[in-house]
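Here is the structure we will look at.
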Number of protein chains: 2
Amino acid sequence: MSDLEELPSRYRANLINSCTGYKSLNLIGTQDSDGNKNLAIFNSIIHLGSNPALIGFTFRPLTVQRDTYKNIKETGVFTVNHVQEVFIDKAHQTAAKYPTNTSEFDAAGLEAEYLEGTLAPFVKESNIKYSCTYVNEYPIIENGCIMVVGAINALYLNESFIAPDGWIDLVKANSIAGIGIDGYVKGVAPIRYEYAKPETKPQKK
Amino acid sequence: MSDLEELPSRYRANLINSCTGYKSLNLIGTQDSDGNKNLAIFNSIIHLGSNPALIGFTFRPLTVQRDTYKNIKETGVFTVNHVQEVFIDKAHQTAAKYPTNTSEFDAAGLEAEYLEGTLAPFVKESNIKYSCTYVNEYPIIENGCIMVVGAINALYLNESFIAPDGWIDLVKANSIAGIGIDGYVKGVAPIRYEYAKPETKPQKK
């Protein structure tokens with residue numbers, strides 16, 4: 001397919017959103033300076049660096065009010081919470097366009113919790129989550145999107161998910177991956193490989 | 001865990017690379033202006049927009065020569081090829097530090113193919129792949145990484161993977177997701193949800 005611009009717009013959106021591969025699925029929790037909570041699903045969170053520990057994620061153009069963006073700019077903090085199998089439906093529901101003063105925690109049926117003084121709500125049901133501080137943003141001039149960079153502060157997860165060398169078994173945690181705009185998929189049978197070297201064959205850990 | 005800086009560096013790298021969730025896994029194919037081929041695995045490719053069709057991915061700081069980056073700057077084109085179950089080991093092996101004049105296609109045992117005049121090699125074994133043109137780059141000043149933005153030109157995949165509305169079933173295609181630096185995982189049992197609305201409950205497609 002090479003005439004992508006000529007595809008019907010919904011078809012193209014599904015196709016192009018799926019063709020980059022699996023996506024991370026996370027709920028971002030924020031609140032405004034009056035304490036109104038917001039929760040929204042994002043499939044664009046990526047690793048940017050581990051020292052310092054940095055993540056990035058994108059917002060679509062700010063042509064409408066985006067509560068998550070507004071709250072992050074207002075307070076400087078947010079939480080990232082893995083979407084997991086038992087609450088996929090509720091995580092998906094946070095994408096509905098609720099009025100600004102509605103908390104998606106309440107509307108979708110997820111519980112907010114506050115941990116160690118972080119001024120943004122976590123998702124209690126999620127068993128891998130962390131708090132972040134806003135660091136910077138990069139406007140993507142090609143389409144008006146914005147990439148926000150955040151620094152990871154505190155990480156909360158069950159120790160049983162962590163391998164002796166720090167690797168997290170997301171399959172054991174029942175974290176979910178995304179496909180396209182509206183697809184959810186379970187991971188199975190994770191394998192790891194030893195550090196690749198020119199003189200050796202690929203070797204499973 | 002809140003003292004992330006105090007963790008041993010390898011442990012922290014594994015932990016922070018895993019905590020953002022599942023990653024896309026793709027092989028980027030390029031060649032230099034003399035026709036020397038390069039192939040490298042990337043776990044950072046993300047969707048940036050569908051109209052125009054844009055992707056982004058990150059390079060670590062250019063403190064050493066990065067052949068993929070150099071070739072993209074030289075020729076302006078690259079290919080993106082999904083990592084799939086039957087060649088995970090070979091895809092992983094492309095990460096080894098081969099000399100610049102070694103083709104990772106040959107070294108890892110993957111076949112290069114050229115499609116419709118694209119001046120960069122595709123991976124023949126991959127059944128979801130597309131060609132891109134270099135559009136722009138954004139230096140991430142916080143850690144010296146670079147995000148490259150590419151425009152999707154032509155997309156090649158088996159029609160049987162595509163749902164009637166354009167969504168691609170990556171599970172059917174046997175595409176693989178990544179966990180952390182060295183983990184590979186299969187997807188199973190994909191589900192999709194209808195567009196979320198405030199007045200309706202989440203509903204499977």
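In the structure tokens, the first chain shown is A, the next is B, and so on; residue numbers restart at 1 for each chain, and ligands run from 1 in the order shown.
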
Please determine the contact residues of chain A with respect to chain B at a cut-off of 7 Å, counting only C-alpha atoms, and supply them as a ChimeraX atom specification. /A:1-2,11-25,44-47,50,53,89,92-93,95-98,153-156,165-168,177,180,182-193,196-198,202

| task | Select from stretch 77-111 of chain B everything DSSP, run on the backbone, classes as strand (DSSP E), then give the selection as a ChimeraX atom specification. | result | /B:77-82

Those same residues - N, CA and C atoms - I'd like them written as an mmCIF file, in the first residue's frame.
data_model
loop_
_atom_site.group_PDB
_atom_site.id
_atom_site.type_symbol
_atom_site.label_atom_id
_atom_site.label_comp_id
_atom_site.auth_asym_id
_atom_site.auth_seq_id
_atom_site.Cartn_x
_atom_site.Cartn_y
_atom_site.Cartn_z
ATOM 1 N N VAL B 77 16.384 7.792 3.734
ATOM 2 C CA VAL B 77 15.352 6.743 3.768
ATOM 3 C C VAL B 77 15.747 5.598 4.689
ATOM 4 N N PHE B 78 14.722 4.883 5.183
ATOM 5 C CA PHE B 78 14.963 3.685 5.983
ATOM 6 C C PHE B 78 13.726 2.807 5.925
ATOM 7 N N THR B 79 13.911 1.550 6.298
ATOM 8 C CA THR B 79 12.762 0.648 6.358
ATOM 9 C C THR B 79 12.542 0.227 7.805
ATOM 10 N N VAL B 80 11.289 -0.081 8.125
ATOM 11 C CA VAL B 80 10.919 -0.579 9.456
ATOM 12 C C VAL B 80 10.272 -1.942 9.260
ATOM 13 N N ASN B 81 10.779 -2.937 9.961
ATOM 14 C CA ASN B 81 10.341 -4.321 9.771
ATOM 15 C C ASN B 81 10.020 -4.945 11.124
ATOM 16 N N HIS B 82 8.804 -5.426 11.304
ATOM 17 C CA HIS B 82 8.427 -6.036 12.585
ATOM 18 C C HIS B 82 9.314 -7.235 12.906
#

key: Residue list (helix (DSSP H, G or I), DSSP) for stretch 29-193 of chain B, as an NGL selection string   = :B and (67-75 or 85-93 or 104-108 or 159-161)

Grab the residues selected above and save them as a compact mmCIF listing (two decimals), in the first residue's frame with N, CA and C atoms.
# COMPACT_ATOMS: atom_id res chain seq x y z
N ASP B 67 25.59 3.71 12.96
CA ASP B 67 25.48 3.52 11.51
C ASP B 67 24.07 3.83 11.01
N THR B 68 23.06 3.39 11.75
CA THR B 68 21.69 3.63 11.29
C THR B 68 21.43 5.13 11.14
N TYR B 69 21.85 5.90 12.14
CA TYR B 69 21.66 7.35 12.09
C TYR B 69 22.42 7.96 10.92
N LYS B 70 23.68 7.57 10.79
CA LYS B 70 24.53 8.10 9.72
C LYS B 70 23.91 7.80 8.35
N ASN B 71 23.45 6.56 8.17
CA ASN B 71 22.87 6.18 6.87
C ASN B 71 21.58 6.93 6.58
N ILE B 72 20.77 7.11 7.60
CA ILE B 72 19.51 7.84 7.40
C ILE B 72 19.81 9.29 6.99
N LYS B 73 20.79 9.89 7.65
CA LYS B 73 21.14 11.26 7.30
C LYS B 73 21.73 11.35 5.89
N GLU B 74 22.43 10.29 5.50
CA GLU B 74 23.10 10.28 4.20
C GLU B 74 22.10 10.08 3.05
N THR B 75 21.14 9.21 3.27
CA THR B 75 20.26 8.81 2.16
C THR B 75 18.82 9.31 2.33
N GLU B 85 8.12 -13.92 15.52
CA GLU B 85 8.52 -15.04 16.37
C GLU B 85 9.61 -15.92 15.77
N VAL B 86 9.51 -16.20 14.47
CA VAL B 86 10.46 -17.15 13.88
C VAL B 86 11.90 -16.63 13.77
N PHE B 87 12.08 -15.33 13.92
CA PHE B 87 13.47 -14.84 13.80
C PHE B 87 13.89 -13.91 14.95
N ILE B 88 13.32 -14.14 16.12
CA ILE B 88 13.70 -13.34 17.30
C ILE B 88 15.22 -13.40 17.53
N ASP B 89 15.77 -14.62 17.48
CA ASP B 89 17.20 -14.77 17.78
C ASP B 89 18.06 -13.95 16.81
N LYS B 90 17.68 -13.98 15.54
CA LYS B 90 18.46 -13.23 14.53
C LYS B 90 18.29 -11.72 14.72
N ALA B 91 17.08 -11.31 15.03
CA ALA B 91 16.82 -9.88 15.28
C ALA B 91 17.66 -9.40 16.46
N HIS B 92 17.69 -10.21 17.52
CA HIS B 92 18.48 -9.85 18.70
C HIS B 92 19.97 -9.72 18.34
N GLN B 93 20.43 -10.63 17.50
CA GLN B 93 21.85 -10.65 17.15
C GLN B 93 22.30 -9.39 16.41
N GLU B 104 24.68 -6.46 8.94
CA GLU B 104 24.03 -7.29 9.96
C GLU B 104 23.04 -8.26 9.32
N PHE B 105 22.59 -7.99 8.10
CA PHE B 105 21.77 -8.98 7.40
C PHE B 105 22.55 -10.29 7.29
N ASP B 106 23.79 -10.18 6.76
CA ASP B 106 24.62 -11.37 6.59
C ASP B 106 25.02 -11.95 7.95
N ALA B 107 25.46 -11.09 8.83
CA ALA B 107 25.98 -11.57 10.11
C ALA B 107 24.91 -12.30 10.93
N ALA B 108 23.68 -11.79 10.88
CA ALA B 108 22.62 -12.39 11.69
C ALA B 108 21.84 -13.46 10.92
N GLU B 159 -2.69 -9.07 3.60
CA GLU B 159 -4.05 -8.53 3.78
C GLU B 159 -4.83 -9.28 4.86
N SER B 160 -4.47 -10.53 5.08
CA SER B 160 -5.23 -11.34 6.04
C SER B 160 -5.05 -10.86 7.49
N PHE B 161 -4.05 -10.02 7.73
CA PHE B 161 -3.86 -9.48 9.08
C PHE B 161 -4.75 -8.27 9.34

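Closest approach to B:Thr118 from the set B:Gln84, B:Phe42, B:Thr30, B:Thr102 is made by B:Thr30, with distances taken over only C-alpha atoms.
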
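Atom pair atom CA of A:Gly76 / atom CA of A:Phe122: separated by 15.0 Å.
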